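Heads up, the thing below is written out as structure tokens.
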Amino acid sequence: MKVAEMRMLRWMCEHTTLDRIINEVIRDKVGVTPIKDKMREARLRWFGHVRRRSTDAPVRRCERLTLEGLRRGRGRPKKRWGEVIRQDMTQLQLTEDMTLDRKDD
């Protein structure tokens with residue numbers, strides 16, 4: 001994902017990798033934040049939206065589904081949405097209680 005993003009930013013600036021300009025310089029020139037941060041922001045925004053819904057809402061009922069007895073394929077297990085959200089929250093030092101405190105901007 002990062003590679004594709006940087007290719008597009010370099011293309012916008014009309015630079016190639018042969019120009020040997022580091023990514024941070026190009027990112028500052030264009031003035032965009034990394035796509036990784038934008039994706040994290042969108043995930044946490046959706047998480048807050050889901051947490052504020054009632055427990056009877058269809059999107060909240062999906063949390064209670066159990067996938068026991070489901071055989072998964074070989075290899076590294078795929079990360080589930082809840083695991084990624086927990087990683088994002090610990091990285092930004094957020095708690096689930098903060099999702100209920102909505103700020104209107």
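Just remember, in the structure tokens the first chain shown is A, the second B, etc., residues are 1-based per chain, and ligands are 1-based in the order shown.
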
Residues at most 12 Å from segment 45-53 of chain A, counting only C-alpha atoms, excluding those fewer than 2 positions away in the same chain, as number ranges by chain?
A: 38-43, 55-63, 81-86, 88-89, 94-103

Which residues come within 12 Å of segment 1-6 of chain A, counting only C-alpha atoms, excluding same-chain residues fewer than 3 positions away, as JSON, numbers by chain?
{"A": [9, 10, 11, 12, 13, 14, 15, 16, 17, 21, 22, 23, 24, 25, 26, 27, 30, 32, 33, 34, 35, 36, 37, 38, 39]}

Residues from the last selection, N, CA, C and O atoms, saved as a compact mmCIF listing (two decimals), in the first residue's frame:
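Listing of result38.txt after writing:
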# COMPACT_ATOMS: atom_id res chain seq x y z
N LEU A 9 2.48 9.73 -5.52
CA LEU A 9 2.97 11.04 -5.09
C LEU A 9 4.17 11.47 -5.94
O LEU A 9 4.27 12.64 -6.32
N ARG A 10 5.06 10.54 -6.24
CA ARG A 10 6.19 10.86 -7.11
C ARG A 10 5.71 11.26 -8.50
O ARG A 10 6.23 12.18 -9.11
N TRP A 11 4.71 10.55 -9.00
CA TRP A 11 4.15 10.85 -10.31
C TRP A 11 3.54 12.25 -10.33
O TRP A 11 3.69 13.00 -11.29
N MET A 12 2.85 12.62 -9.23
CA MET A 12 2.26 13.96 -9.13
C MET A 12 3.33 15.03 -9.16
O MET A 12 3.12 16.10 -9.75
N CYS A 13 4.48 14.76 -8.54
CA CYS A 13 5.57 15.73 -8.48
C CYS A 13 6.49 15.65 -9.70
O CYS A 13 7.46 16.41 -9.79
N GLU A 14 6.19 14.71 -10.58
CA GLU A 14 7.01 14.48 -11.78
C GLU A 14 8.44 14.10 -11.45
O GLU A 14 9.39 14.58 -12.05
N HIS A 15 8.57 13.22 -10.44
CA HIS A 15 9.86 12.67 -10.05
C HIS A 15 9.81 11.16 -10.24
O HIS A 15 8.75 10.55 -10.23
N THR A 16 10.97 10.56 -10.40
CA THR A 16 11.07 9.12 -10.46
C THR A 16 11.97 8.66 -9.33
O THR A 16 12.59 9.47 -8.64
N THR A 17 12.05 7.35 -9.15
CA THR A 17 12.94 6.84 -8.11
C THR A 17 14.40 7.09 -8.47
O THR A 17 15.25 7.12 -7.59
N ILE A 21 15.10 11.15 -4.48
CA ILE A 21 14.51 12.07 -3.50
C ILE A 21 13.79 11.23 -2.47
O ILE A 21 12.99 10.36 -2.81
N ILE A 22 14.07 11.49 -1.18
CA ILE A 22 13.49 10.64 -0.14
C ILE A 22 11.99 10.91 0.00
O ILE A 22 11.48 11.98 -0.36
N ASN A 23 11.30 9.91 0.52
CA ASN A 23 9.84 9.95 0.60
C ASN A 23 9.32 11.11 1.43
O ASN A 23 8.30 11.72 1.09
N GLU A 24 9.98 11.44 2.53
CA GLU A 24 9.51 12.50 3.39
C GLU A 24 9.52 13.84 2.68
O GLU A 24 8.63 14.68 2.90
N VAL A 25 10.52 14.09 1.84
CA VAL A 25 10.59 15.35 1.10
C VAL A 25 9.42 15.45 0.14
O VAL A 25 8.76 16.50 0.04
N ILE A 26 9.14 14.37 -0.55
CA ILE A 26 8.02 14.37 -1.49
C ILE A 26 6.70 14.53 -0.75
O ILE A 26 5.82 15.28 -1.18
N ARG A 27 6.56 13.85 0.37
CA ARG A 27 5.32 13.95 1.15
C ARG A 27 5.12 15.37 1.67
O ARG A 27 4.00 15.90 1.66
N VAL A 30 4.00 17.66 -1.29
CA VAL A 30 2.61 17.49 -1.66
C VAL A 30 1.70 17.90 -0.51
O VAL A 30 0.60 18.40 -0.72
N VAL A 32 0.55 15.78 2.16
CA VAL A 32 -0.44 14.77 2.53
C VAL A 32 0.11 13.91 3.66
O VAL A 32 1.31 13.76 3.82
N THR A 33 -0.81 13.37 4.45
CA THR A 33 -0.41 12.47 5.52
C THR A 33 -0.30 11.06 4.95
O THR A 33 -0.92 10.76 3.92
N PRO A 34 0.43 10.18 5.59
CA PRO A 34 0.55 8.80 5.09
C PRO A 34 -0.80 8.10 5.04
O PRO A 34 -1.67 8.32 5.90
N ILE A 35 -0.98 7.26 4.06
CA ILE A 35 -2.24 6.55 3.87
C ILE A 35 -2.51 5.61 5.04
O ILE A 35 -3.66 5.38 5.40
N LYS A 36 -1.46 5.13 5.67
CA LYS A 36 -1.60 4.26 6.83
C LYS A 36 -2.33 4.99 7.96
O LYS A 36 -3.23 4.43 8.59
N ASP A 37 -1.98 6.26 8.17
CA ASP A 37 -2.64 7.05 9.21
C ASP A 37 -4.09 7.35 8.86
O ASP A 37 -4.97 7.33 9.72
N LYS A 38 -4.36 7.62 7.58
CA LYS A 38 -5.73 7.88 7.15
C LYS A 38 -6.60 6.64 7.30
O LYS A 38 -7.76 6.74 7.70
N MET A 39 -6.05 5.48 7.01
CA MET A 39 -6.81 4.24 7.16
C MET A 39 -7.10 3.97 8.63
O MET A 39 -8.21 3.55 8.98

Using the chain letters and numbers from this document, which residues of segment 14-96 of chain A does DSSP assign to alpha helix (DSSP H), as an MDAnalysis selection string?
chainID A and resid 23:30 35:52 58:61 81:91
